[in-house]
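*Asks:* Handing over upload_12.pdb, PDB, C-alpha atoms.
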ATOM      1  CA  MET A   1     -28.243-121.835 180.576  1.00  0.00           C
ATOM      2  CA  LEU A   2     -28.396-119.744 177.472  1.00  0.00           C
ATOM      3  CA  TYR A   3     -31.572-117.880 178.111  1.00  0.00           C
ATOM      4  CA  ASN A   4     -30.527-114.642 176.327  1.00  0.00           C
ATOM      5  CA  LYS A   5     -29.650-115.709 172.762  1.00  0.00           C
ATOM      6  CA  LYS A   6     -30.891-112.385 171.412  1.00  0.00           C
ATOM      7  CA  GLY A   7     -27.933-110.464 172.916  1.00  0.00           C
ATOM      8  CA  LEU A   8     -25.356-112.783 171.286  1.00  0.00           C
ATOM      9  CA  SER A   9     -26.848-112.362 167.794  1.00  0.00           C
ATOM     10  CA  THR A  10     -26.834-108.569 168.219  1.00  0.00           C
ATOM     11  CA  ILE A  11     -23.082-108.643 168.902  1.00  0.00           C
ATOM     12  CA  VAL A  12     -22.417-110.887 165.881  1.00  0.00           C
ATOM     13  CA  THR A  13     -24.546-108.639 163.647  1.00  0.00           C
ATOM     14  CA  THR A  14     -22.699-105.534 164.850  1.00  0.00           C
ATOM     15  CA  LEU A  15     -19.307-107.148 164.166  1.00  0.00           C
ATOM     16  CA  ILE A  16     -20.380-108.177 160.648  1.00  0.00           C
ATOM     17  CA  ILE A  17     -21.577-104.627 159.879  1.00  0.00           C
ATOM     18  CA  ILE A  18     -18.287-103.168 161.165  1.00  0.00           C
ATOM     19  CA  LEU A  19     -16.335-105.656 159.009  1.00  0.00           C
ATOM     20  CA  LEU A  20     -18.380-104.759 155.895  1.00  0.00           C
ATOM     21  CA  VAL A  21     -17.816-101.046 156.499  1.00  0.00           C
ATOM     22  CA  LEU A  22     -14.036-101.593 156.790  1.00  0.00           C
ATOM     23  CA  VAL A  23     -13.981-103.625 153.551  1.00  0.00           C
ATOM     24  CA  ALA A  24     -15.985-100.915 151.751  1.00  0.00           C
ATOM     25  CA  ILE A  25     -13.605 -98.201 153.000  1.00  0.00           C
ATOM     26  CA  GLY A  26     -10.619-100.262 151.773  1.00  0.00           C
ATOM     27  CA  ILE A  27     -12.116-100.685 148.294  1.00  0.00           C
ATOM     28  CA  ILE A  28     -12.986 -96.983 148.014  1.00  0.00           C
ATOM     29  CA  TRP A  29      -9.482 -96.001 149.184  1.00  0.00           C
ATOM     30  CA  VAL A  30      -7.813 -98.133 146.495  1.00  0.00           C
ATOM     31  CA  VAL A  31      -9.820 -96.371 143.779  1.00  0.00           C
ATOM     32  CA  ILE A  32      -9.246 -92.885 145.190  1.00  0.00           C
ATOM     33  CA  ARG A  33      -5.519 -93.484 145.685  1.00  0.00           C
ATOM     34  CA  GLY A  34      -5.133 -94.507 142.019  1.00  0.00           C
ATOM     35  CA  VAL A  35      -6.869 -91.338 140.832  1.00  0.00           C
ATOM     36  CA  ILE A  36      -4.777 -89.140 143.129  1.00  0.00           C
ATOM     37  CA  GLU A  37      -1.475 -90.726 142.068  1.00  0.00           C
ATOM     38  CA  GLN A  38      -2.324 -90.406 138.378  1.00  0.00           C
ATOM     39  CA  GLY A  39      -3.279 -86.752 138.825  1.00  0.00           C
ATOM     40  CA  THR A  40      -0.094 -85.863 140.694  1.00  0.00           C
ATOM     41  CA  SER A  41       2.008 -87.577 138.031  1.00  0.00           C
ATOM     42  CA  GLN A  42       0.347 -85.514 135.284  1.00  0.00           C
ATOM     43  CA  ILE A  43       0.786 -82.304 137.279  1.00  0.00           C
ATOM     44  CA  ASP A  44       4.490 -83.110 137.704  1.00  0.00           C
ATOM     45  CA  ILE A  45       4.952 -83.621 133.938  1.00  0.00           C
ATOM     46  CA  ASN A  46       3.040 -80.413 133.113  1.00  0.00           C
ATOM     47  CA  THR A  47       5.207 -78.421 135.545  1.00  0.00           C
ATOM     48  CA  ARG A  48       8.347 -79.761 133.914  1.00  0.00           C
ATOM     49  CA  CYS A  49       6.987 -78.882 130.460  1.00  0.00           C
ATOM     50  CA  ILE A  50       6.162 -75.298 131.423  1.00  0.00           C
ATOM     51  CA  ASN A  51       9.747 -74.764 132.595  1.00  0.00           C
ATOM     52  CA  THR A  52      11.300 -76.268 129.436  1.00  0.00           C
ATOM     53  CA  ASP A  53      12.038 -74.522 126.139  1.00  0.00           C
ATOM     54  CA  VAL A  54      13.324 -76.677 123.276  1.00  0.00           C
ATOM     55  CA  ARG A  55      13.395 -75.183 119.755  1.00  0.00           C
ATOM     56  CA  ALA A  56      14.599 -75.868 116.243  1.00  0.00           C
ATOM     57  CA  THR A  57      17.157 -73.221 115.244  1.00  0.00           C
ATOM     58  CA  ALA A  58      17.990 -74.379 111.713  1.00  0.00           C
ATOM     59  CA  VAL A  59      16.450 -76.844 109.254  1.00  0.00           C
ATOM     60  CA  SER A  60      17.534 -77.934 105.801  1.00  0.00           C
ATOM     61  CA  CYS A  61      15.901 -80.603 103.672  1.00  0.00           C
ATOM     62  CA  THR A  62      17.499 -82.415 100.732  1.00  0.00           C
ATOM     63  CA  GLY A  63      17.050 -85.477  98.600  1.00  0.00           C
ATOM     64  CA  PRO A  64      14.161 -86.430  96.363  1.00  0.00           C
ATOM     65  CA  LEU A  65      11.215 -84.127  97.078  1.00  0.00           C
ATOM     66  CA  ASN A  66      13.159 -82.643 100.049  1.00  0.00           C
ATOM     67  CA  GLN A  67      12.060 -85.535 102.272  1.00  0.00           C
ATOM     68  CA  SER A  68      15.288 -85.999 104.252  1.00  0.00           C
ATOM     69  CA  CYS A  69      15.945 -83.203 106.721  1.00  0.00           C
ATOM     70  CA  THR A  70      18.728 -82.111 109.026  1.00  0.00           C
ATOM     71  CA  LEU A  71      17.779 -79.938 111.962  1.00  0.00           C
ATOM     72  CA  ASP A  72      19.519 -78.166 114.811  1.00  0.00           C
ATOM     73  CA  VAL A  73      17.682 -78.290 118.136  1.00  0.00           C
ATOM     74  CA  THR A  74      18.572 -76.020 121.075  1.00  0.00           C
ATOM     75  CA  ARG A  75      17.457 -76.271 124.681  1.00  0.00           C
ATOM     76  CA  LYS A  76      17.007 -72.735 125.973  1.00  0.00           C
ATOM     77  CA  ALA A  77      15.429 -73.370 129.397  1.00  0.00           C
ATOM     78  CA  GLY A  78      14.678 -76.113 131.902  1.00  0.00           C
ATOM     79  CA  THR A  79      16.768 -78.141 134.302  1.00  0.00           C
ATOM     80  CA  ASP A  80      14.834 -81.424 134.477  1.00  0.00           C
ATOM     81  CA  ALA A  81      16.180 -84.306 132.407  1.00  0.00           C
ATOM     82  CA  LEU A  82      14.248 -84.710 129.154  1.00  0.00           C
ATOM     83  CA  GLY A  83      13.010 -88.078 127.985  1.00  0.00           C
ATOM     84  CA  GLY A  84      13.619 -86.965 124.405  1.00  0.00           C
ATOM     85  CA  VAL A  85      12.452 -84.797 121.528  1.00  0.00           C
ATOM     86  CA  LYS A  86       9.901 -85.479 118.817  1.00  0.00           C
ATOM     87  CA  ALA A  87       9.205 -83.552 115.603  1.00  0.00           C
ATOM     88  CA  VAL A  88       6.323 -83.119 113.173  1.00  0.00           C
ATOM     89  CA  PHE A  89       7.086 -81.656 109.738  1.00  0.00           C
ATOM     90  CA  HIS A  90       4.492 -79.686 107.769  1.00  0.00           C
ATOM     91  CA  ASN A  91       3.979 -78.315 104.304  1.00  0.00           C
ATOM     92  CA  THR A  92       1.607 -75.493 105.211  1.00  0.00           C
ATOM     93  CA  THR A  93       0.906 -74.711 101.557  1.00  0.00           C
ATOM     94  CA  ALA A  94      -0.272 -78.237 100.730  1.00  0.00           C
ATOM     95  CA  GLY A  95      -1.742 -78.828 104.190  1.00  0.00           C
ATOM     96  CA  THR A  96       0.185 -82.053 104.804  1.00  0.00           C
ATOM     97  CA  SER A  97       1.964 -83.253 107.941  1.00  0.00           C
ATOM     98  CA  SER A  98       4.346 -86.055 108.764  1.00  0.00           C
ATOM     99  CA  ASN A  99       3.932 -88.576 111.529  1.00  0.00           C
ATOM    100  CA  VAL A 100       5.319 -87.727 114.949  1.00  0.00           C
ATOM    101  CA  THR A 101       8.981 -88.699 114.650  1.00  0.00           C
ATOM    102  CA  ASP A 102      11.186 -89.451 117.643  1.00  0.00           C
ATOM    103  CA  ILE A 103      14.359 -87.601 116.650  1.00  0.00           C
ATOM    104  CA  TYR A 104      16.176 -88.052 119.958  1.00  0.00           C
ATOM    105  CA  SER A 105      15.772 -90.189 123.070  1.00  0.00           C
ATOM    106  CA  GLY A 106      17.628 -88.711 125.998  1.00  0.00           C
ATOM    107  CA  ASP A 107      18.396 -85.434 127.698  1.00  0.00           C
ATOM    108  CA  LEU A 108      19.603 -82.251 126.043  1.00  0.00           C
ATOM    109  CA  THR A 109      21.747 -80.204 128.380  1.00  0.00           C
ATOM    110  CA  LEU A 110      20.781 -76.591 129.023  1.00  0.00           C
ATOM    111  CA  LEU A 111      21.897 -74.130 126.319  1.00  0.00           C
ATOM    112  CA  SER A 112      23.233 -76.908 124.097  1.00  0.00           C
ATOM    113  CA  THR A 113      22.522 -77.385 120.395  1.00  0.00           C
ATOM    114  CA  ARG A 114      22.452 -80.788 118.715  1.00  0.00           C
ATOM    115  CA  THR A 115      22.238 -81.581 115.028  1.00  0.00           C
ATOM    116  CA  PHE A 116      20.035 -84.450 113.887  1.00  0.00           C
ATOM    117  CA  GLY A 117      20.463 -85.616 110.306  1.00  0.00           C
ATOM    118  CA  GLY A 118      18.593 -87.945 108.001  1.00  0.00           C
ATOM    119  CA  VAL A 119      15.175 -87.324 109.553  1.00  0.00           C
ATOM    120  CA  SER A 120      12.536 -88.716 107.188  1.00  0.00           C
ATOM    121  CA  VAL A 121       9.522 -86.475 106.657  1.00  0.00           C
ATOM    122  CA  VAL A 122       7.524 -88.850 104.421  1.00  0.00           C
ATOM    123  CA  PRO A 123       4.700 -88.344 103.322  1.00  0.00           C
ATOM    124  CA  VAL A 124       5.329 -84.568 103.342  1.00  0.00           C
ATOM    125  CA  VAL A 125       6.817 -83.156 100.144  1.00  0.00           C
ATOM    126  CA  ALA A 126       8.979 -80.028 100.511  1.00  0.00           C
ATOM    127  CA  PRO A 127       8.229 -79.255 104.176  1.00  0.00           C
ATOM    128  CA  ASN A 128       8.357 -75.614 105.257  1.00  0.00           C
ATOM    129  CA  SER A 129       7.830 -75.823 109.042  1.00  0.00           C
ATOM    130  CA  VAL A 130       8.555 -78.167 111.918  1.00  0.00           C
ATOM    131  CA  ASP A 131       7.001 -78.546 115.370  1.00  0.00           C
ATOM    132  CA  ILE A 132       9.428 -79.508 118.134  1.00  0.00           C
ATOM    133  CA  ILE A 133       7.814 -81.446 120.996  1.00  0.00           C
ATOM    134  CA  PRO A 134       9.892 -82.263 124.083  1.00  0.00           C
ATOM    135  CA  TYR A 135       8.762 -85.088 126.333  1.00  0.00           C
ATOM    136  CA  PHE A 136       9.455 -86.478 129.773  1.00  0.00           C
ATOM    137  CA  LYS A 137       9.121 -90.007 131.067  1.00  0.00           C
ATOM    138  CA  ASP A 138       6.663 -90.776 133.851  1.00  0.00           C
ATOM    139  CA  ALA A 139       7.272 -93.070 136.839  1.00  0.00           C
ATOM    140  CA  GLN A 140       6.532 -96.136 134.681  1.00  0.00           C
ATOM    141  CA  GLY A 141       9.006 -95.007 131.982  1.00  0.00           C
ATOM    142  CA  GLN A 142       6.299 -94.066 129.467  1.00  0.00           C
ATOM    143  CA  PRO A 143       6.828 -90.898 127.383  1.00  0.00           C
ATOM    144  CA  ARG A 144       4.531 -87.968 128.235  1.00  0.00           C
ATOM    145  CA  LEU A 145       4.479 -85.321 125.493  1.00  0.00           C
ATOM    146  CA  CYS A 146       4.497 -81.662 126.459  1.00  0.00           C
ATOM    147  CA  THR A 147       1.590 -79.587 125.211  1.00  0.00           C
ATOM    148  CA  GLN A 148       3.851 -76.585 124.557  1.00  0.00           C
ATOM    149  CA  ILE A 149       4.969 -76.934 120.948  1.00  0.00           C
ATOM    150  CA  ASN A 150       7.595 -74.678 119.342  1.00  0.00           C
ATOM    151  CA  THR A 151       7.123 -74.185 115.604  1.00  0.00           C
ATOM    152  CA  PHE A 152      10.019 -73.231 113.337  1.00  0.00           C
ATOM    153  CA  SER A 153       9.276 -72.066 109.782  1.00  0.00           C
ATOM    154  CA  PHE A 154      11.941 -72.353 107.092  1.00  0.00           C
TER     155      PHE A 154
END
Show me this structure written as structure tokens.
*Replies:*
Amino acid sequence: MLYNKKGLSTIVTTLIIILLVLVAIGIIWVVIRGVIEQGTSQIDINTRCINTDVRATAVSCTGPLNQSCTLDVTRKAGTDALGGVKAVFHNTTAGTSSNVTDIYSGDLTLLSTRTFGGVSVVPVVAPNSVDIIPYFKDAQGQPRLCTQINTFSF
């Protein structure tokens, strides 16, 4: 009764090839989707950073070796909610810098000034400038630092 077995194996082979192609397309799509989502997230953060202007407006350092600072930070532009603000203190004469210090976690409202006291600048002795670095949080809640840094010399 089954005289034409060759036709049945051709159909099975064709179905297996179609199934393998669909699996390959699914695997490739997962990889491409991850790359696309990561890229759009970074573009979103960069756009927010370009539209944001956060600066130090006054800095004073006291204590032994001037290693405890108080600084006023003003938000001059930007409407997106900040994740926070970080600072790096420098002694440009000695060529030393502090670690990146998270001075504030949260949003600064537009055109507001906040004072942050007791910021440790160790290991810098007698700092004379500070970099203010705003950051936003990504979809996973991780901080993404802006590349635009505002430096204030004092």
*Asks:* For the atom pair CA of Ile17 (chain A) and CA of Gly34 (chain A), what is the interatomic distance in Å to one decimal place?
*Replies:*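 Answer for the CA of Ile17 (chain A) to CA of Gly34 (chain A) separation: 26.3 Å.
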*Asks:* With distances taken over all atoms listed in the file, which residue among A:Leu19, A:Val124, A:Ala58, A:Ile28 lies nearest Thr96 (chain A)?
*Replies:*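 Ranked by minimum distance to Thr96 (chain A), first place goes to A:Val124.
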*Asks:* Give the answer as one residue: which of A:Thr92, A:Gln142, A:Thr147, A:Ser120 has the shortest atom-to-atom distance to Gly63 (chain A), using all atoms listed in the file?
*Replies:*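 Counting all atoms listed in the file, the residue closest to Gly63 (chain A) is A:Ser120.
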*Asks:* Grab all the atoms of region 73-90 of chain A that the file lists, wrap them in a box along x, y and z, add 3 Å per side, and give me centre plus edge lengths in Å (one decimal) as AutoDock Vina command-line options.
*Replies:*
--center_x 11.5 --center_y -80.4 --center_z 121.1 --size_x 20.1 --size_y 21.3 --size_z 32.7
*Asks:* Please write as a ChimeraX atom specification the full residue list that the PyMOL selection byres ((chain A and resi 131) around 9) yields on this file.
*Replies:* /A:55-56,86-90,129-130,132-133,149-153
*Asks:* Between A:Thr57, A:Thr40, A:Thr79, A:Thr93, which residue has the minimum interatomic distance to Leu110 (chain A), considering only C-alpha atoms?
*Replies:*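 Of A:Thr57, A:Thr40, A:Thr79, A:Thr93, the one nearest Leu110 (chain A) is A:Thr79, counting only C-alpha atoms.
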*Asks:* Once the PyMOL selection byres ((chain A and resi 70) around 12) has been applied to the shown file, what residues remain in the selection, as a list in words?
*Replies:*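 Residues picked by the PyMOL selection byres ((chain A and resi 70) around 12): Ala56, Thr57, Ala58, Val59, Ser60, Cys61, Thr62, Gly63, Asn66, Gln67, Ser68, Cys69, Leu71, Asp72, Val73, Ala87, Phe89, Ile103, Arg114, Thr115, Phe116, Gly117, Gly118, Val119, Ser120, Val121, Pro127 and Val130 of chain A.
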*Asks:* Can you tell me how far CA of Asn99 (chain A) sits from CA of Lys76 (chain A), in Å to one decimal?
*Replies:* 25.1 Å
*Asks:* Rounded to one decimal place, report the CA of Ser41 (chain A)-CA of Trp29 (chain A) distance in Å.
*Replies:*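 Interatomic distance, CA of Ser41 (chain A) to CA of Trp29 (chain A): 18.1 Å.
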*Asks:* Residues near Ile43 (chain A), anyone? I mean within 12 Å using only C-alpha atoms, not counting same-chain ones fewer than 6 positions away, as an MDAnalysis selection string.
*Replies:* chainID A and resid 36:37 49:50 138 144 146
*Asks:* Which is closest to Asp53 (chain A) among A:Thr13, A:Ser105, A:Thr113, A:Gln148, if we use only C-alpha atoms?
*Replies:* A:Gln148
*Asks:* Name every residue that the PyMOL selection byres ((chain A and resi 106) around 9) selects in this structure, writing the answer as a list of chain:residue names with chains first and numbers rising.
*Replies:*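 Listing what the PyMOL selection byres ((chain A and resi 106) around 9) selects in the shown file: A:Ala81, A:Leu82, A:Gly83, A:Gly84, A:Val85, A:Tyr104, A:Ser105, A:Asp107, A:Leu108.
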*Asks:* Between A:Phe154, A:Leu22, A:Arg48, A:Pro143, which residue has the minimum interatomic distance to Asp102 (chain A), considering only C-alpha atoms?
*Replies:* A:Pro143
